Structures are given as C-alpha cells and as structure tokens.
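The next block is entry.cif, given as mmCIF, C-alpha atoms.
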data_target
#
loop_
_atom_site.group_PDB
_atom_site.id
_atom_site.type_symbol
_atom_site.label_atom_id
_atom_site.label_comp_id
_atom_site.auth_asym_id
_atom_site.auth_seq_id
_atom_site.Cartn_x
_atom_site.Cartn_y
_atom_site.Cartn_z
ATOM 1 C CA MET B 994 -16.936 14.995 4.642
ATOM 2 C CA ASN B 995 -18.105 11.821 2.895
ATOM 3 C CA LEU B 996 -17.099 8.768 4.952
ATOM 4 C CA ASP B 997 -18.980 6.224 2.863
ATOM 5 C CA VAL B 998 -16.954 3.490 1.202
ATOM 6 C CA SER B 999 -17.914 2.857 -2.399
ATOM 7 C CA GLN B 1000 -16.406 1.094 -5.385
ATOM 8 C CA GLN B 1001 -15.031 4.487 -6.456
ATOM 9 C CA ASN B 1002 -12.973 5.058 -3.289
ATOM 10 C CA LEU B 1003 -12.264 1.492 -2.129
ATOM 11 C CA TYR B 1004 -8.832 1.632 -3.761
ATOM 12 C CA LEU B 1005 -7.734 3.948 -0.925
ATOM 13 C CA PHE B 1006 -7.979 1.069 1.594
ATOM 14 C CA LEU B 1007 -6.279 -1.626 -0.451
ATOM 15 C CA PRO B 1008 -2.558 -0.740 -0.198
ATOM 16 C CA SER B 1009 -2.497 -0.950 3.595
ATOM 17 C CA LYS B 1010 -4.546 -4.165 3.587
ATOM 18 C CA ILE B 1011 -2.179 -5.726 1.031
ATOM 19 C CA CYS B 1012 0.891 -4.578 2.971
ATOM 20 C CA TRP B 1013 -0.320 -6.139 6.230
ATOM 21 C CA LEU B 1014 -1.387 -9.327 4.489
ATOM 22 C CA ALA B 1015 1.922 -9.587 2.612
ATOM 23 C CA GLU B 1016 3.888 -9.324 5.857
ATOM 24 C CA ILE B 1017 1.926 -12.202 7.391
ATOM 25 C CA LEU B 1018 2.127 -14.321 4.240
ATOM 26 C CA SER B 1019 5.848 -13.674 3.938
ATOM 27 C CA ASP B 1020 6.481 -14.754 7.529
ATOM 28 C CA GLU B 1021 4.184 -17.775 7.455
ATOM 29 C CA GLU B 1022 5.367 -19.176 4.127
ATOM 30 C CA ASN B 1023 8.998 -18.071 4.410
ATOM 31 C CA ILE B 1024 8.933 -16.129 1.140
ATOM 32 C CA SER B 1025 9.966 -12.594 0.242
ATOM 33 C CA VAL B 1026 7.517 -9.757 0.678
ATOM 34 C CA VAL B 1027 7.685 -9.162 -3.083
ATOM 35 C CA GLU B 1028 6.669 -12.781 -3.750
ATOM 36 C CA ALA B 1029 3.894 -12.469 -1.163
ATOM 37 C CA VAL B 1030 2.537 -9.347 -2.857
ATOM 38 C CA LYS B 1031 2.604 -11.089 -6.240
ATOM 39 C CA ARG B 1032 0.667 -14.035 -4.824
ATOM 40 C CA ILE B 1033 -1.890 -11.768 -3.198
ATOM 41 C CA TYR B 1034 -2.552 -9.747 -6.348
ATOM 42 C CA ALA B 1035 -3.007 -12.998 -8.306
ATOM 43 C CA SER B 1036 -5.389 -14.479 -5.737
ATOM 44 C CA ALA B 1037 -9.127 -14.966 -5.581
ATOM 45 C CA THR B 1038 -9.011 -13.229 -2.205
ATOM 46 C CA TYR B 1039 -7.720 -10.050 -3.843
ATOM 47 C CA ARG B 1040 -10.299 -10.232 -6.627
ATOM 48 C CA ARG B 1041 -13.005 -10.343 -3.955
ATOM 49 C CA LEU B 1042 -11.272 -7.723 -1.799
ATOM 50 C CA GLU B 1043 -11.337 -5.189 -4.624
ATOM 51 C CA GLN B 1044 -15.110 -5.556 -4.952
ATOM 52 C CA GLU B 1045 -16.819 -3.254 -2.441
ATOM 53 C CA GLU B 1046 -20.012 -5.313 -2.282
ATOM 54 C CA THR B 1047 -18.168 -8.297 -0.742
ATOM 55 C CA LYS B 1048 -17.321 -6.161 2.307
ATOM 56 C CA LEU B 1049 -14.032 -8.084 2.588
ATOM 57 C CA TRP B 1050 -12.339 -4.716 3.122
ATOM 58 C CA HIS B 1051 -13.856 -4.745 6.623
ATOM 59 C CA LEU B 1052 -11.553 -7.605 7.612
ATOM 60 C CA GLY B 1053 -8.231 -7.184 9.358
ATOM 61 C CA PRO B 1054 -4.979 -8.742 8.183
ATOM 62 C CA VAL B 1055 -5.347 -11.997 10.136
ATOM 63 C CA ALA B 1056 -8.859 -12.616 8.823
ATOM 64 C CA LEU B 1057 -7.712 -11.805 5.277
ATOM 65 C CA TYR B 1058 -4.819 -14.244 5.688
ATOM 66 C CA GLN B 1059 -7.247 -16.937 6.840
ATOM 67 C CA ASP B 1060 -9.429 -16.210 3.815
ATOM 68 C CA TYR B 1061 -6.363 -16.459 1.573
ATOM 69 C CA ILE B 1062 -5.358 -19.800 3.097
ATOM 70 C CA LEU B 1063 -8.863 -21.231 2.753
ATOM 71 C CA ASN B 1064 -9.518 -19.993 -0.772
ATOM 72 C CA ASP B 1065 -6.163 -19.594 -2.512
ATOM 73 C CA ASN B 1066 -3.596 -21.897 -1.000
ATOM 74 C CA GLN B 1067 -5.253 -24.841 -2.758
ATOM 75 C CA GLU B 1068 -4.421 -23.514 -6.244
#
Have the structure of the file written as structure tokens, please.
Amino acid sequence: MNLDVSQQNLYLFLPSKICWLAEILSDEENISVVEAVKRIYASATYRRLEQEETKLWHLGPVALYQDYILNDNQE
C-alpha cells in the first residue's frame, strides 16, 4: 500500500480539512457553514493548502484557522 502523499492524491485529504476549518470559521465569525466554505475556497490559505509542496495539509483545523486569520482575514 502506498502511503505517500503527492499532488495526485492530496485531494483525498482536503474535504475533511475544509469541513473542520469551516466549522471553526462559522462559529468564530458567526456565519453559516456554507458562507464559511465559500470563504475558505476563495482564500489564499486554500490555494496553498491544495499545493502538496507547502505541507499545509499536515496542519490541524486550529492551525489552519490561524493561518486563515493571519493571511486571509485582511482581504
């Protein structure tokens, strides 16, 4: 079994990461989960998350939320 993460299989990790992040964002900013998901997919954090070489996929939901706040909440 191949357990290596590559650009070709990274997409398998993203839905759960986005779901966890959307729940936090929704709670913290008092917005709907749908709005949170839209914001995440439009964010610089997501653009970096979908690139395997950034290794952002290693981060948990709280660290991803912190990254989002630092890099995207200023837009």
Find the nearest atom pair between each residue of stretch 997-1043 of chain B and stretch 1054-1064 of chain B for residues within 8 Å, count all atoms listed in the file, give distances in Å to one decimal, sort rows by chain and ascending number, and present the table as CSV.
residue,atom,partner,partner_atom,distance
B:Lys1010,CA,B:Pro1054,CA,6.5
B:Trp1013,CA,B:Pro1054,CA,5.7
B:Leu1014,CA,B:Pro1054,CA,5.2
B:Ile1017,CA,B:Tyr1058,CA,7.3
B:Leu1018,CA,B:Tyr1058,CA,7.1
B:Ser1036,CA,B:Tyr1061,CA,7.6
B:Ala1037,CA,B:Asn1064,CA,7.0
B:Thr1038,CA,B:Tyr1061,CA,5.6
Keeping only C-alpha atoms, take the residues you just selected and write them out as an mmCIF file, keeping the file's coordinate frame.
data_model
loop_
_atom_site.group_PDB
_atom_site.id
_atom_site.type_symbol
_atom_site.label_atom_id
_atom_site.label_comp_id
_atom_site.auth_asym_id
_atom_site.auth_seq_id
_atom_site.Cartn_x
_atom_site.Cartn_y
_atom_site.Cartn_z
ATOM 1 C CA LYS B 1010 -4.546 -4.165 3.587
ATOM 2 C CA TRP B 1013 -0.320 -6.139 6.230
ATOM 3 C CA LEU B 1014 -1.387 -9.327 4.489
ATOM 4 C CA ILE B 1017 1.926 -12.202 7.391
ATOM 5 C CA LEU B 1018 2.127 -14.321 4.240
ATOM 6 C CA SER B 1036 -5.389 -14.479 -5.737
ATOM 7 C CA ALA B 1037 -9.127 -14.966 -5.581
ATOM 8 C CA THR B 1038 -9.011 -13.229 -2.205
#
Non-local contacts of B:Glu1028 (12 Å; all atoms listed in the file; under 4 positions in same chain excluded) as a ChimeraX atom specification: /B:1015-1016,1018-1020,1022-1024,1032-1035
inquiry  = For the provided coordinates, the residues matched by the PyMOL selection byres ((chain B and resi 995-1003) around 10) should be stated as number ranges by chain.
reply    = B: 994, 1004-1007, 1042-1046, 1048, 1050
Just how far from atom CA of B:Val1026 is atom CA of B:Thr1047, in Å to one decimal?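 Between these atoms lies a distance of 25.8 Å.
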